[in-house]
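Colleague: There's a structure below that I have some questions on.
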Amino acid sequence: MTTLRTGLVIRTDAKVCHVEVEGRVVQAAPRGILFDGEQKNPVAVGDQVEVDLETQPASLERVLPRRNTLSRIASSHDPREQVLAANIDQLFVVASVANPKFSSNRTDRIIAACTWQHIPVALVLNKIDLADPEDTDAIRATYAGIPIDVIETCAVDGRGLDELRRRMEGLTSVFYGSSGAGKSTLLNGLQPGLKLKVGKISRYWDQGKHTTSYSQIHSMDFGARVIDTPGIRVFRPFGVPQENLRDLFTEFARYQARCRFSACSHDHEPECAVFDAVERGEISSARYASYVEMLDEMRAQRPDGEEDEGEE
Ligand SMILES: Nc1nc2c(ncn2[C@@H]2O[C@H](COP(=O)(O)OP(=O)(O)O)[C@@H](O)[C@H]2O)c(=O)[nH]1
Ligand SMILES: [Mg+2]
Ligand SMILES: [Zn+2]
């Protein structure tokens, strides 16, 4: 009789998972049968799993039920669910105002995914030292109005890190953002000694060089776990029915009862109260543009877009 032990998946590679079990990290190979399901990756970072340590290598036998998942459509050629992380308490969208330039589209996609899964989300505006204060204020105003908390940080001088630590204590958080936004530098700043590799900004693309190609959980001495995710160019939330997308842009809610059609999709119908609010400047036009792009993508059911930055 073998005894199965329960552990936490802290990293997944192509063939093997790194599992924290009874205070140490073992490499375990998922059983073949786990790959028979609908998901592209049956095991994700953050999963609680059962492992058999008596086989060589250790065998990952079972994934325990998940509390939530951060899932996207794998790619434009693969409609399956790709789970980026499981069992998470909150997500921080890490972005910079400039270098690289802030992208509302990228931000709004991940916010929609978190809203769908009821995962609390906050926006970290890093590299505040490089930002034009007017641009920062505009972004803050847009997201504060949703409402989403905005935390300004500078990973190189330490500004905002105490607040971030306070918010992370006792929880498992995901850091999500473009490559080059400063996620690794922030994590190193939050816990000196972590020594994560930091990428140089490539001038040619004006974008960070890719240095993190898989998700990984780091345990912080101040009592927090954080999942560092690779840069993903296009996040298409998995499993969201088209008619539910509008509810993931929560600032539409107070207007949409006044649309002429109760099932208004807010993009072509007459007498649309949401569209009117965009025209009056009460709803951010950048947020509205993100919504329309995601809606078009769902309607086409053949999502276009660029590929990932990382190979995962
Ligand atoms: N000026 C400035 N540079 C930063 C800041 N945070 C990170 N960087 C730089 O931005 C580049 C990319 O950082 P990195 O942590 O690798 O980004 P990641 O891809 O999100 O992990 C590196 O050259 C960092 O030194 C910041 O707050 N201010
Ligand atoms: Mg990184
Ligand atoms: Zn409408």
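We name chains A, B, ... following the order of the structure tokens; residues begin at 1 in each chain, and ligands are numbered from 1 as shown.
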Just list as a ChimeraX atom specification whatever in stretch 63-289 of chain A DSSP marks as strand (DSSP E).

Modeller: /A:63,69-75,78-86,90-96,121-126,150-152,172-176,201-202,207-208,216-220,224-228

Colleague: Could you tell me, as a ChimeraX atom specification, which residues of stretch 90-198 of chain A DSSP assigns to alpha helix (DSSP H) when given the backbone?

Modeller: /A:104-116,133-144,161-168,183-190

Colleague: Looking at only C-alpha atoms and all ligand atoms, which of A:Ala257, A:Leu130, A:Asp296, A:Gly281 is the one that sits closest to ligand 3?

Modeller: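 Among A:Ala257, A:Leu130, A:Asp296, A:Gly281, it is A:Ala257 that comes nearest to ligand 3.
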
Colleague: Let me have all residues with an atom within 9 Å of ligand 1, counting only C-alpha atoms and all ligand atoms, laid out as a PyMOL selection string.

Modeller: chain A and resi 94-96+99-100+125-130+153-159+175-188+196-201+207-212+228-231

Colleague: Taking 5 positions as the minimum chain separation for residues in the same chain, which residues sit within 12 Å of stretch 240-242 of chain A when counting only C-alpha atoms? Answer as a list in words.

Modeller: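 Once the nearby chain positions are removed, what remains is Ser71, Arg72, Ile73, Glu81, Arg109, Ala112, Ala113, Cys114, Thr115, Trp116, Gln117, Asp247, Leu248, Ala263, Cys264, Ser265, Tyr291, Val292, Met294, Leu295, Asp296, Glu297, Met298, Arg299, Ala300 and Gln301 of chain A.
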
Colleague: I'd like the interatomic distance between atom CA of A:Arg233 and atom CA of A:Leu245, to a tenth of an Å.

Modeller: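 So the answer is 19.8 Å.
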
Colleague: Using only C-alpha atoms, which residue out of A:Leu4, A:Ile139, A:Ala85, A:Leu70 lies closest to A:Ala286?

Modeller: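 Ranked by minimum distance to A:Ala286, first place goes to A:Ile139.
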
Colleague: Can I get the residues close to ligand 3 as a list in words, where close means within 8 Å and we count only C-alpha atoms and all ligand atoms?

Modeller: Tyr255, Gln256, Arg258, Cys259, Arg260, Phe261, Ser262, Ala263, Cys264, Ser265, His266, Asp267, Glu269, Pro270, Glu271, Cys272, Ala273, Val274 and Phe275 of chain A

Colleague: Please identify all polymer residues within 10 Å of A:Glu22, counting only C-alpha atoms, omitting same-chain residues fewer than 4 positions from it, and present them as a PyMOL selection string.

Modeller: chain A and resi 5-8+26

Colleague: Output N, CA, C and O atoms of each residue in that selection to a file, as an mmCIF file, in the first residue's frame.

Modeller:
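Result written to result37.cif:
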data_model
loop_
_atom_site.group_PDB
_atom_site.id
_atom_site.type_symbol
_atom_site.label_atom_id
_atom_site.label_comp_id
_atom_site.auth_asym_id
_atom_site.auth_seq_id
_atom_site.Cartn_x
_atom_site.Cartn_y
_atom_site.Cartn_z
ATOM 1 N N ARG A 5 0.753 11.618 -0.520
ATOM 2 C CA ARG A 5 0.942 12.822 0.279
ATOM 3 C C ARG A 5 0.412 14.024 -0.487
ATOM 4 O O ARG A 5 0.467 14.064 -1.713
ATOM 5 N N THR A 6 -0.099 14.984 0.272
ATOM 6 C CA THR A 6 -0.649 16.189 -0.351
ATOM 7 C C THR A 6 0.427 17.270 -0.409
ATOM 8 O O THR A 6 1.167 17.462 0.548
ATOM 9 N N GLY A 7 0.507 17.920 -1.555
ATOM 10 C CA GLY A 7 1.500 18.983 -1.698
ATOM 11 C C GLY A 7 0.978 20.118 -2.554
ATOM 12 O O GLY A 7 -0.139 20.066 -3.089
ATOM 13 N N LEU A 8 1.807 21.153 -2.676
ATOM 14 C CA LEU A 8 1.465 22.360 -3.427
ATOM 15 C C LEU A 8 2.371 22.463 -4.653
ATOM 16 O O LEU A 8 3.602 22.381 -4.526
ATOM 17 N N VAL A 26 9.813 18.325 -4.263
ATOM 18 C CA VAL A 26 10.111 17.130 -5.054
ATOM 19 C C VAL A 26 9.639 17.350 -6.492
ATOM 20 O O VAL A 26 8.739 18.148 -6.741
#

Colleague: For ligand 2, which of A:Val45, A:Ile119, A:Ile232, A:Ile88 is the closest residue, counting only C-alpha atoms and all ligand atoms?

Modeller: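 Distance minimum relative to ligand 2 lands on A:Ile232.
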
Colleague: If we count only C-alpha atoms, what is near A:Leu34 at a cut-off of 8 Å, once residues fewer than 4 positions away on the same chain are taken out, given as a tab-separated table (two decimals) with N, CA and C atoms, in the first residue's frame?

Modeller:
chain	number	residue	atom	x	y	z
A	30	PRO	N	3.30	14.03	-13.71
A	30	PRO	CA	1.86	13.78	-13.70
A	30	PRO	C	1.54	12.48	-14.43
A	42	PRO	N	-3.21	19.95	-17.33
A	42	PRO	CA	-4.02	19.42	-16.23
A	42	PRO	C	-3.53	19.86	-14.86
A	62	ARG	N	-3.06	12.96	-8.55
A	62	ARG	CA	-4.38	13.56	-8.57
A	62	ARG	C	-4.30	15.04	-8.23

Colleague: If I take atom CA of A:Val63 and atom CA of A:Ala44, how far is one from the other in Å, to one decimal?

Modeller: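 Answer for the atom CA of A:Val63 to atom CA of A:Ala44 separation: 9.2 Å.
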